[in-house]
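*Asks:* Sharing structure_38.pdb (PDB, C-alpha atoms, pLDDT in the B column) below.
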ATOM      1  CA  MET A  19     104.997 122.259  82.358  1.00 52.00           C
ATOM      2  CA  SER A  20     101.523 122.619  83.865  1.00 57.00           C
ATOM      3  CA  GLU A  21      98.359 122.416  81.776  1.00 60.00           C
ATOM      4  CA  ASP A  22      97.679 126.117  82.412  1.00 56.00           C
ATOM      5  CA  SER A  23     101.151 127.011  81.176  1.00 61.00           C
ATOM      6  CA  ARG A  24     100.684 124.975  77.997  1.00 63.00           C
ATOM      7  CA  GLN A  25      97.350 126.642  77.308  1.00 71.00           C
ATOM      8  CA  PHE A  26      98.891 130.070  77.871  1.00 68.00           C
ATOM      9  CA  ASP A  27     101.734 129.270  75.463  1.00 82.00           C
ATOM     10  CA  CYS A  28      99.248 128.035  72.871  1.00 87.00           C
ATOM     11  CA  TRP A  29      97.120 131.169  72.950  1.00 89.00           C
ATOM     12  CA  TYR A  30     100.186 133.384  73.126  1.00 91.00           C
ATOM     13  CA  ALA A  31     101.337 131.756  69.884  1.00 92.00           C
ATOM     14  CA  VAL A  32      97.927 132.244  68.232  1.00 92.00           C
ATOM     15  CA  ARG A  33      97.762 135.914  69.213  1.00 93.00           C
ATOM     16  CA  HIS A  34     101.287 136.557  67.941  1.00 94.00           C
ATOM     17  CA  THR A  35     100.906 134.797  64.594  1.00 96.00           C
ATOM     18  CA  LYS A  36     100.931 137.172  61.653  1.00 97.00           C
ATOM     19  CA  VAL A  37     100.786 136.074  58.027  1.00 97.00           C
ATOM     20  CA  VAL A  38     102.942 138.739  56.386  1.00 97.00           C
ATOM     21  CA  HIS A  39     102.831 137.115  52.955  1.00 97.00           C
ATOM     22  CA  ALA A  40      99.878 134.867  52.135  1.00 96.00           C
ATOM     23  CA  PRO A  41      99.724 132.393  49.243  1.00 96.00           C
ATOM     24  CA  SER A  42      98.293 134.032  46.144  1.00 95.00           C
ATOM     25  CA  ARG A  43      96.317 130.899  45.271  1.00 92.00           C
ATOM     26  CA  ALA A  44      93.604 129.154  47.235  1.00 90.00           C
ATOM     27  CA  LEU A  45      94.050 125.578  48.379  1.00 84.00           C
ATOM     28  CA  GLU A  46      93.442 123.131  45.543  1.00 84.00           C
ATOM     29  CA  THR A  47      89.882 121.833  45.332  1.00 81.00           C
ATOM     30  CA  PHE A  48      90.510 118.521  43.562  1.00 83.00           C
ATOM     31  CA  GLY A  49      93.972 117.538  44.726  1.00 81.00           C
ATOM     32  CA  ALA A  50      96.587 117.901  47.430  1.00 82.00           C
ATOM     33  CA  THR A  51      98.176 121.298  48.049  1.00 86.00           C
ATOM     34  CA  ARG A  52     101.775 121.807  49.123  1.00 89.00           C
ATOM     35  CA  VAL A  53     102.350 125.133  50.839  1.00 91.00           C
ATOM     36  CA  ASN A  54     105.964 126.212  51.248  1.00 94.00           C
ATOM     37  CA  TYR A  55     106.330 128.173  54.461  1.00 95.00           C
ATOM     38  CA  ARG A  56     108.943 130.277  56.156  1.00 96.00           C
ATOM     39  CA  LEU A  57     108.318 130.996  59.812  1.00 96.00           C
ATOM     40  CA  VAL A  58     110.294 133.837  61.385  1.00 97.00           C
ATOM     41  CA  ALA A  59     110.503 134.244  65.169  1.00 97.00           C
ATOM     42  CA  GLU A  60     112.704 135.881  67.767  1.00 96.00           C
ATOM     43  CA  LEU A  61     114.511 133.527  70.113  1.00 96.00           C
ATOM     44  CA  GLU A  62     112.879 133.481  73.533  1.00 90.00           C
ATOM     45  CA  ASP A  63     116.121 133.936  75.463  1.00 91.00           C
ATOM     46  CA  ASP A  64     117.774 136.387  73.056  1.00 94.00           C
ATOM     47  CA  PRO A  65     115.584 138.877  71.108  1.00 89.00           C
ATOM     48  CA  SER A  66     118.638 139.956  69.094  1.00 95.00           C
ATOM     49  CA  LYS A  67     118.615 136.565  67.363  1.00 97.00           C
ATOM     50  CA  VAL A  68     115.979 135.377  64.919  1.00 97.00           C
ATOM     51  CA  ARG A  69     115.180 131.826  63.858  1.00 97.00           C
ATOM     52  CA  ILE A  70     113.985 131.165  60.313  1.00 97.00           C
ATOM     53  CA  ARG A  71     112.258 127.833  59.809  1.00 95.00           C
ATOM     54  CA  GLU A  72     111.559 126.633  56.300  1.00 94.00           C
ATOM     55  CA  GLY A  73     109.418 123.680  55.349  1.00 91.00           C
ATOM     56  CA  ARG A  74     106.364 122.440  53.559  1.00 90.00           C
ATOM     57  CA  LEU A  75     102.777 121.755  54.600  1.00 87.00           C
ATOM     58  CA  GLU A  76     100.681 119.302  52.648  1.00 84.00           C
ATOM     59  CA  ALA A  77      96.900 119.588  52.735  1.00 80.00           C
ATOM     60  CA  HIS A  78      94.943 116.718  51.259  1.00 77.00           C
ATOM     61  CA  LYS A  79      92.118 117.585  48.899  1.00 75.00           C
ATOM     62  CA  PRO A  80      88.991 118.992  50.578  1.00 71.00           C
ATOM     63  CA  THR A  81      85.698 117.165  50.881  1.00 65.00           C
ATOM     64  CA  LEU A  82      82.580 119.235  51.269  1.00 55.00           C
ATOM     65  CA  ILE A  83      80.851 118.137  54.468  1.00 49.00           C
ATOM     66  CA  THR A  84      77.097 117.672  54.214  1.00 44.00           C
ATOM     67  CA  PRO A  85      74.526 117.507  57.035  1.00 37.00           C
ATOM     68  CA  GLU A  86      74.566 113.709  56.691  1.00 36.00           C
ATOM     69  CA  ALA A  87      78.323 113.164  56.706  1.00 36.00           C
ATOM     70  CA  TYR A  88      81.407 114.109  58.694  1.00 36.00           C
ATOM     71  CA  VAL A  89      85.087 113.686  58.012  1.00 33.00           C
ATOM     72  CA  GLN A  90      87.485 113.820  60.952  1.00 40.00           C
ATOM     73  CA  ASP A  91      90.441 116.181  60.605  1.00 45.00           C
ATOM     74  CA  GLN A  92      93.927 114.958  61.422  1.00 53.00           C
ATOM     75  CA  LEU A  93      97.341 116.401  62.064  1.00 59.00           C
ATOM     76  CA  GLU A  94     100.528 114.578  61.078  1.00 63.00           C
ATOM     77  CA  GLY A  95     103.935 115.652  62.345  1.00 67.00           C
ATOM     78  CA  PHE A  96     102.745 118.268  64.830  1.00 71.00           C
ATOM     79  CA  GLY A  97     103.328 118.642  68.568  1.00 76.00           C
ATOM     80  CA  GLU A  98     100.855 118.190  71.415  1.00 79.00           C
ATOM     81  CA  GLN A  99     100.004 121.884  71.745  1.00 78.00           C
ATOM     82  CA  ALA A 100      99.208 122.164  68.041  1.00 75.00           C
ATOM     83  CA  LYS A 101      96.900 119.156  68.413  1.00 72.00           C
ATOM     84  CA  GLN A 102      95.232 120.761  71.433  1.00 77.00           C
ATOM     85  CA  TYR A 103      94.611 123.903  69.407  1.00 74.00           C
ATOM     86  CA  LEU A 104      92.967 121.810  66.673  1.00 67.00           C
ATOM     87  CA  ASP A 105      90.816 120.187  69.370  1.00 68.00           C
ATOM     88  CA  PHE A 106      89.654 123.674  70.340  1.00 71.00           C
ATOM     89  CA  LEU A 107      88.716 124.374  66.714  1.00 66.00           C
ATOM     90  CA  LYS A 108      86.720 121.141  66.605  1.00 60.00           C
ATOM     91  CA  GLN A 109      84.809 122.079  69.753  1.00 62.00           C
ATOM     92  CA  HIS A 110      83.809 125.388  68.147  1.00 57.00           C
ATOM     93  CA  GLU A 111      82.937 124.063  64.706  1.00 52.00           C
ATOM     94  CA  ASP A 112      79.780 126.162  64.491  1.00 47.00           C
ATOM     95  CA  ASN A 113      81.945 129.270  64.315  1.00 40.00           C
ATOM     96  CA  LEU A 114      85.034 128.073  62.471  1.00 40.00           C
ATOM     97  CA  ARG A 115      84.756 127.076  58.830  1.00 43.00           C
ATOM     98  CA  ILE A 116      87.832 124.840  58.953  1.00 42.00           C
ATOM     99  CA  LEU A 117      85.721 121.949  60.224  1.00 39.00           C
ATOM    100  CA  GLN A 118      83.434 122.002  57.213  1.00 49.00           C
ATOM    101  CA  TYR A 119      86.289 120.504  55.217  1.00 52.00           C
ATOM    102  CA  GLY A 120      88.014 117.143  55.357  1.00 48.00           C
ATOM    103  CA  TYR A 121      91.573 118.383  55.191  1.00 54.00           C
ATOM    104  CA  CYS A 122      94.355 116.197  56.522  1.00 58.00           C
ATOM    105  CA  LEU A 123      97.310 118.447  57.263  1.00 63.00           C
ATOM    106  CA  SER A 124     100.802 117.013  57.443  1.00 68.00           C
ATOM    107  CA  GLN A 125     104.107 118.729  58.077  1.00 72.00           C
ATOM    108  CA  GLU A 126     107.175 117.619  56.207  1.00 73.00           C
ATOM    109  CA  ALA A 127     110.791 117.891  57.316  1.00 66.00           C
ATOM    110  CA  PHE A 128     112.021 121.457  57.767  1.00 81.00           C
ATOM    111  CA  SER A 129     115.301 123.290  58.015  1.00 90.00           C
ATOM    112  CA  GLU A 130     116.201 126.230  60.205  1.00 93.00           C
ATOM    113  CA  GLN A 131     118.847 128.847  60.693  1.00 96.00           C
ATOM    114  CA  VAL A 132     119.512 131.497  63.324  1.00 97.00           C
ATOM    115  CA  VAL A 133     120.657 134.995  62.378  1.00 97.00           C
ATOM    116  CA  THR A 134     121.537 138.058  64.434  1.00 97.00           C
ATOM    117  CA  ASP A 135     119.317 140.919  63.371  1.00 96.00           C
ATOM    118  CA  ASN A 136     116.069 142.744  64.036  1.00 95.00           C
ATOM    119  CA  VAL A 137     113.082 140.461  63.445  1.00 96.00           C
ATOM    120  CA  ASP A 138     111.267 142.955  61.204  1.00 96.00           C
ATOM    121  CA  ALA A 139     114.341 143.372  59.025  1.00 97.00           C
ATOM    122  CA  VAL A 140     114.598 139.595  58.671  1.00 97.00           C
ATOM    123  CA  VAL A 141     110.912 139.344  57.784  1.00 97.00           C
ATOM    124  CA  GLU A 142     111.351 142.010  55.115  1.00 97.00           C
ATOM    125  CA  ARG A 143     114.237 140.104  53.495  1.00 97.00           C
ATOM    126  CA  VAL A 144     112.439 136.780  53.619  1.00 98.00           C
ATOM    127  CA  VAL A 145     109.326 138.254  52.024  1.00 98.00           C
ATOM    128  CA  ALA A 146     111.442 139.779  49.256  1.00 98.00           C
ATOM    129  CA  ASP A 147     113.037 136.367  48.582  1.00 97.00           C
ATOM    130  CA  VAL A 148     109.660 134.637  48.449  1.00 96.00           C
ATOM    131  CA  LYS A 149     108.179 137.225  46.113  1.00 96.00           C
ATOM    132  CA  ALA A 150     111.183 136.916  43.805  1.00 97.00           C
ATOM    133  CA  ALA A 151     110.608 133.150  43.601  1.00 95.00           C
ATOM    134  CA  ASN A 152     107.050 133.798  42.375  1.00 95.00           C
ATOM    135  CA  ASP A 153     105.645 130.726  44.135  1.00 96.00           C
ATOM    136  CA  PRO A 154     101.825 131.017  44.373  1.00 96.00           C
ATOM    137  CA  PHE A 155     101.735 128.552  47.279  1.00 95.00           C
ATOM    138  CA  ALA A 156     104.432 130.207  49.405  1.00 96.00           C
ATOM    139  CA  THR A 157     103.787 131.951  52.700  1.00 97.00           C
ATOM    140  CA  VAL A 158     105.807 133.916  55.235  1.00 98.00           C
ATOM    141  CA  ILE A 159     104.663 133.847  58.841  1.00 97.00           C
ATOM    142  CA  LYS A 160     105.907 135.925  61.738  1.00 98.00           C
ATOM    143  CA  GLY A 161     105.319 133.966  64.904  1.00 96.00           C
ATOM    144  CA  VAL A 162     106.848 132.663  68.114  1.00 96.00           C
ATOM    145  CA  ASP A 163     109.754 130.291  68.583  1.00 95.00           C
ATOM    146  CA  ASN A 164     107.831 128.009  70.939  1.00 91.00           C
ATOM    147  CA  PRO A 165     105.313 126.489  70.303  1.00 90.00           C
ATOM    148  CA  TRP A 166     105.986 127.393  66.688  1.00 92.00           C
ATOM    149  CA  ASP A 167     103.836 124.628  65.182  1.00 89.00           C
ATOM    150  CA  VAL A 168     100.751 126.267  66.711  1.00 91.00           C
ATOM    151  CA  CYS A 169     101.532 129.213  64.429  1.00 93.00           C
ATOM    152  CA  LEU A 170     101.380 126.847  61.449  1.00 91.00           C
ATOM    153  CA  VAL A 171      97.997 125.447  62.503  1.00 88.00           C
ATOM    154  CA  HIS A 172      96.644 128.968  62.917  1.00 91.00           C
ATOM    155  CA  PHE A 173      97.956 129.982  59.496  1.00 93.00           C
ATOM    156  CA  PHE A 174      96.301 126.933  57.990  1.00 87.00           C
ATOM    157  CA  TRP A 175      92.952 127.805  59.567  1.00 84.00           C
ATOM    158  CA  LEU A 176      93.209 131.318  58.140  1.00 89.00           C
ATOM    159  CA  HIS A 177      94.065 129.999  54.687  1.00 89.00           C
ATOM    160  CA  VAL A 178      91.207 127.471  54.746  1.00 82.00           C
ATOM    161  CA  ASN A 179      88.788 130.313  55.476  1.00 81.00           C
ATOM    162  CA  ALA A 180      90.260 132.324  52.618  1.00 87.00           C
ATOM    163  CA  SER A 181      90.070 129.325  50.269  1.00 86.00           C
ATOM    164  CA  ALA A 182      86.584 128.190  51.272  1.00 78.00           C
ATOM    165  CA  PRO A 183      84.535 130.273  48.798  1.00 82.00           C
ATOM    166  CA  VAL A 184      86.658 129.078  45.870  1.00 84.00           C
ATOM    167  CA  ASN A 185      86.521 125.437  46.985  1.00 79.00           C
ATOM    168  CA  VAL A 186      82.757 125.497  47.515  1.00 75.00           C
ATOM    169  CA  ARG A 187      82.073 127.026  44.097  1.00 81.00           C
ATOM    170  CA  GLU A 188      84.290 124.512  42.319  1.00 83.00           C
ATOM    171  CA  LEU A 189      82.917 121.521  44.238  1.00 75.00           C
ATOM    172  CA  GLU A 190      79.335 122.574  43.545  1.00 74.00           C
ATOM    173  CA  LYS A 191      80.068 123.131  39.867  1.00 78.00           C
ATOM    174  CA  ALA A 192      81.670 119.700  39.577  1.00 76.00           C
ATOM    175  CA  ARG A 193      78.763 118.052  41.369  1.00 70.00           C
ATOM    176  CA  VAL A 194      76.211 119.706  39.095  1.00 69.00           C
ATOM    177  CA  GLU A 195      78.175 118.737  35.985  1.00 72.00           C
ATOM    178  CA  ALA A 196      78.431 115.135  37.171  1.00 68.00           C
ATOM    179  CA  PHE A 197      74.711 115.073  37.876  1.00 63.00           C
ATOM    180  CA  MET A 198      73.901 116.459  34.437  1.00 63.00           C
ATOM    181  CA  ASP A 199      76.049 113.780  32.825  1.00 63.00           C
ATOM    182  CA  ALA A 200      74.604 110.910  34.857  1.00 57.00           C
ATOM    183  CA  THR A 201      70.913 111.813  35.166  1.00 62.00           C
ATOM    184  CA  ALA A 202      68.250 111.333  32.535  1.00 65.00           C
ATOM    185  CA  PRO A 203      66.813 114.605  31.162  1.00 70.00           C
ATOM    186  CA  GLY A 204      63.301 113.613  32.264  1.00 75.00           C
ATOM    187  CA  VAL A 205      64.388 113.254  35.898  1.00 79.00           C
ATOM    188  CA  ARG A 206      66.153 116.622  35.856  1.00 80.00           C
ATOM    189  CA  GLU A 207      63.032 118.257  34.474  1.00 85.00           C
ATOM    190  CA  ASP A 208      60.882 116.616  37.181  1.00 88.00           C
ATOM    191  CA  VAL A 209      63.301 117.857  39.836  1.00 89.00           C
ATOM    192  CA  GLU A 210      63.195 121.421  38.520  1.00 90.00           C
ATOM    193  CA  ARG A 211      59.385 121.376  38.480  1.00 91.00           C
ATOM    194  CA  ALA A 212      59.297 120.029  42.047  1.00 92.00           C
ATOM    195  CA  PHE A 213      61.620 122.799  43.226  1.00 91.00           C
ATOM    196  CA  ALA A 214      59.539 125.431  41.446  1.00 93.00           C
ATOM    197  CA  ARG A 215      56.379 124.208  43.213  1.00 93.00           C
ATOM    198  CA  ALA A 216      58.107 124.199  46.609  1.00 91.00           C
ATOM    199  CA  GLU A 217      59.531 127.674  46.072  1.00 92.00           C
ATOM    200  CA  ALA A 218      56.035 128.942  45.331  1.00 91.00           C
ATOM    201  CA  ASN A 219      54.443 127.000  48.182  1.00 92.00           C
ATOM    202  CA  PRO A 220      56.615 126.387  51.298  1.00 88.00           C
ATOM    203  CA  GLY A 221      54.116 123.767  52.419  1.00 89.00           C
ATOM    204  CA  LEU A 222      55.463 121.490  49.694  1.00 91.00           C
ATOM    205  CA  VAL A 223      59.067 121.506  50.937  1.00 90.00           C
ATOM    206  CA  LYS A 224      58.644 118.274  52.902  1.00 90.00           C
ATOM    207  CA  GLU A 225      57.109 116.625  49.850  1.00 92.00           C
ATOM    208  CA  LEU A 226      60.048 117.880  47.772  1.00 91.00           C
ATOM    209  CA  GLY A 227      62.517 116.210  50.151  1.00 89.00           C
ATOM    210  CA  ALA A 228      60.649 112.913  49.939  1.00 90.00           C
ATOM    211  CA  PHE A 229      60.602 113.138  46.139  1.00 89.00           C
ATOM    212  CA  LEU A 230      64.352 113.759  45.937  1.00 88.00           C
ATOM    213  CA  ARG A 231      65.022 110.737  48.147  1.00 86.00           C
ATOM    214  CA  ARG A 232      62.737 108.499  46.103  1.00 85.00           C
ATOM    215  CA  GLU A 233      64.561 109.480  42.941  1.00 80.00           C
ATOM    216  CA  GLY A 234      67.936 108.888  44.584  1.00 77.00           C
ATOM    217  CA  VAL A 235      69.140 112.450  43.944  1.00 81.00           C
ATOM    218  CA  PHE A 236      68.780 114.010  47.399  1.00 83.00           C
ATOM    219  CA  GLU A 237      72.520 114.162  48.032  1.00 76.00           C
ATOM    220  CA  ARG A 238      73.094 116.014  44.761  1.00 77.00           C
ATOM    221  CA  TYR A 239      70.418 118.580  45.569  1.00 83.00           C
ATOM    222  CA  GLN A 240      70.638 118.781  49.330  1.00 83.00           C
ATOM    223  CA  ASP A 241      72.423 122.147  49.496  1.00 81.00           C
ATOM    224  CA  ARG A 242      69.716 123.721  47.344  1.00 86.00           C
ATOM    225  CA  PHE A 243      67.050 121.902  49.367  1.00 88.00           C
ATOM    226  CA  PHE A 244      68.390 123.089  52.732  1.00 86.00           C
ATOM    227  CA  LYS A 245      68.624 126.667  51.462  1.00 85.00           C
ATOM    228  CA  LEU A 246      64.931 126.413  50.637  1.00 85.00           C
ATOM    229  CA  VAL A 247      64.232 125.001  54.111  1.00 84.00           C
ATOM    230  CA  ARG A 248      66.087 127.871  55.785  1.00 82.00           C
ATOM    231  CA  ARG A 249      64.310 130.438  53.645  1.00 79.00           C
ATOM    232  CA  GLY A 250      60.968 128.926  54.564  1.00 65.00           C
TER     233      GLY A 250
END
Is it possible to express this structure as structure tokens?

*Replies:*
Amino acid sequence: MSEDSRQFDCWYAVRHTKVVHAPSRALETFGATRVNYRLVAELEDDPSKVRIREGRLEAHKPTLITPEAYVQDQLEGFGEQAKQYLDFLKQHEDNLRILQYGYCLSQEAFSEQVVTDNVDAVVERVVADVKAANDPFATVIKGVDNPWDVCLVHFFWLHVNASAPVNVRELEKARVEAFMDATAPGVREDVERAFARAEANPGLVKELGAFLRREGVFERYQDRFFKLVRRG
């Protein structure tokens, strides 16, 4: 298969991926998440037949990426076209929030069956089964039969974007709580006063950054600091 053909197949799969039943819970912030998926697709050579793949995706716990750090994303158990699609996401990290997180996505063993029916009717039955199981981490995806793992990568990107606000809030809350537990009250008060001065006088922002570094708390406050920089 030529490179152009592989790229066409990849983007065909992305365009024809539809999450018909999304997980009701966001990806876990402080631990691994196991998403149980069912991927429904018509067979390429016989549209009257539908393949149902069932398996599990595991996403390692997220790490909030800061301006001074980067965690490389990885795929385990996926084909070459799925990896190429992830490479595309990496190259466009300014626009895609998936690369602000250190997820390592792995695909576990799956099972499959082929039935003779209309694809939409099969999707409807599968969704009903999943809803009856009441699994908050279950998803049903309507996609293509080949390359089907690209559909999984695309679903994961969508779910990361949906989970991002929850993960960020929980990570920030945990970081603040840890800072409050580990930092002397006098230092916290000095930090708050320094921020108040910089908020009133943008010319003091650089001085604020130097102060935070001297006190060894820049990493804990850097999101707040960079928001102040952008506002200035």

*Asks:* Contacts of stretch 224-239 of chain A at 7 Å or less, counting only C-alpha atoms, minus same-chain residues fewer than 5 places along, as an MDAnalysis selection string?

*Replies:* chainID A and resid 193 212:213 216

*Asks:* With the file shown as input, list the residues that the PyMOL selection byres ((chain A and resi 161) around 9) selects, as a list in words.

*Replies:*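 Residues picked by the PyMOL selection byres ((chain A and resi 161) around 9): Ala31, Val32, Arg33, His34, Thr35, Lys36, Val37, Leu57, Val58, Ala59, Glu60, Ile159, Lys160, Val162, Asp163, Asn164, Trp166, Cys169 and Leu170 of chain A.
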
*Asks:* Atoms to include: C-alpha atoms. Write the selected residues as a PDB file, in the coordinates of the input.

*Replies:*
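Final output, part-v5.pdb:
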ATOM      1  CA  ALA A  31     101.337 131.756  69.884  1.00 92.00           C
ATOM      2  CA  VAL A  32      97.927 132.244  68.232  1.00 92.00           C
ATOM      3  CA  ARG A  33      97.762 135.914  69.213  1.00 93.00           C
ATOM      4  CA  HIS A  34     101.287 136.557  67.941  1.00 94.00           C
ATOM      5  CA  THR A  35     100.906 134.797  64.594  1.00 96.00           C
ATOM      6  CA  LYS A  36     100.931 137.172  61.653  1.00 97.00           C
ATOM      7  CA  VAL A  37     100.786 136.074  58.027  1.00 97.00           C
ATOM      8  CA  LEU A  57     108.318 130.996  59.812  1.00 96.00           C
ATOM      9  CA  VAL A  58     110.294 133.837  61.385  1.00 97.00           C
ATOM     10  CA  ALA A  59     110.503 134.244  65.169  1.00 97.00           C
ATOM     11  CA  GLU A  60     112.704 135.881  67.767  1.00 96.00           C
ATOM     12  CA  ILE A 159     104.663 133.847  58.841  1.00 97.00           C
ATOM     13  CA  LYS A 160     105.907 135.925  61.738  1.00 98.00           C
ATOM     14  CA  VAL A 162     106.848 132.663  68.114  1.00 96.00           C
ATOM     15  CA  ASP A 163     109.754 130.291  68.583  1.00 95.00           C
ATOM     16  CA  ASN A 164     107.831 128.009  70.939  1.00 91.00           C
ATOM     17  CA  TRP A 166     105.986 127.393  66.688  1.00 92.00           C
ATOM     18  CA  CYS A 169     101.532 129.213  64.429  1.00 93.00           C
ATOM     19  CA  LEU A 170     101.380 126.847  61.449  1.00 91.00           C
TER      20      LEU A 170
END

*Asks:* Evaluated on this file, the PyMOL selection byres ((chain A and resi 79) around 7) picks out some residues - which ones are they, written as JSON, numbers by chain?

*Replies:* {"A": [46, 47, 48, 49, 50, 77, 78, 80, 81, 121]}

*Asks:* Can you pull out every residue within 8 Å of A:Val184, counting only C-alpha atoms, but drop anything in the same chain fewer than 3 positions away, and send it as a PyMOL selection string?

*Replies:* chain A and resi 44+47+181+187-188

*Asks:* Give me, as a ChimeraX atom specification, all polymer residues having an atom no more than 12 Å from A:Lys149, counting only C-alpha atoms and skipping those fewer than 6 positions away in the same chain.

*Replies:* /A:38-42,142-143,155-158

*Asks:* Check which residues satisfy the PyMOL selection byres ((chain A and resi 125-135) around 8) in the file shown, then give them as a list in words.

*Replies:* Ser66, Lys67, Val68, Arg69, Ile70, Arg71, Glu72, Gly73, Arg74, Leu75, Glu76, Glu94, Gly95, Phe96, Leu123, Ser124, Asn136, Val137, Ala139 and Val140 of chain A

*Asks:* For the residues in the current selection, export C-alpha atoms as a compact mmCIF listing (two decimals), in the coordinates of the input.

*Replies:*
# COMPACT_ATOMS: atom_id res chain seq x y z
CA SER A 66 118.64 139.96 69.09
CA LYS A 67 118.62 136.56 67.36
CA VAL A 68 115.98 135.38 64.92
CA ARG A 69 115.18 131.83 63.86
CA ILE A 70 113.98 131.16 60.31
CA ARG A 71 112.26 127.83 59.81
CA GLU A 72 111.56 126.63 56.30
CA GLY A 73 109.42 123.68 55.35
CA ARG A 74 106.36 122.44 53.56
CA LEU A 75 102.78 121.76 54.60
CA GLU A 76 100.68 119.30 52.65
CA GLU A 94 100.53 114.58 61.08
CA GLY A 95 103.94 115.65 62.34
CA PHE A 96 102.74 118.27 64.83
CA LEU A 123 97.31 118.45 57.26
CA SER A 124 100.80 117.01 57.44
CA ASN A 136 116.07 142.74 64.04
CA VAL A 137 113.08 140.46 63.44
CA ALA A 139 114.34 143.37 59.02
CA VAL A 140 114.60 139.60 58.67

*Asks:* Find the residue from A:Leu222, A:Arg56, A:Leu176, A:Asp64 that sits nearest to A:Val141; use all atoms listed in the file when measuring.

*Replies:* A:Arg56

*Asks:* Have a look at A:Leu61, A:Phe243, A:Asp153, A:Gln99 and name the one nearest to A:Val209; count all atoms listed in the file.

*Replies:*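 For A:Val209, the nearest of the given residues is A:Phe243.
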
*Asks:* What does the distance between atom CA of A:Ala214 and atom CA of A:Asn185 come to in Å, to one decimal place?

*Replies:* 27.5 Å

*Asks:* What separation in Å, quoted to one decimal, exists between atom CA of A:Gly221 and atom CA of A:Pro203?

*Replies:*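 Separation between atom CA of A:Gly221 and atom CA of A:Pro203: 26.4 Å.
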
*Asks:* Can you work out the spacing between atom CA of A:Phe244 and atom CA of A:Pro220 in Å, to one decimal?

*Replies:*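 These atoms are spaced 12.3 Å apart.
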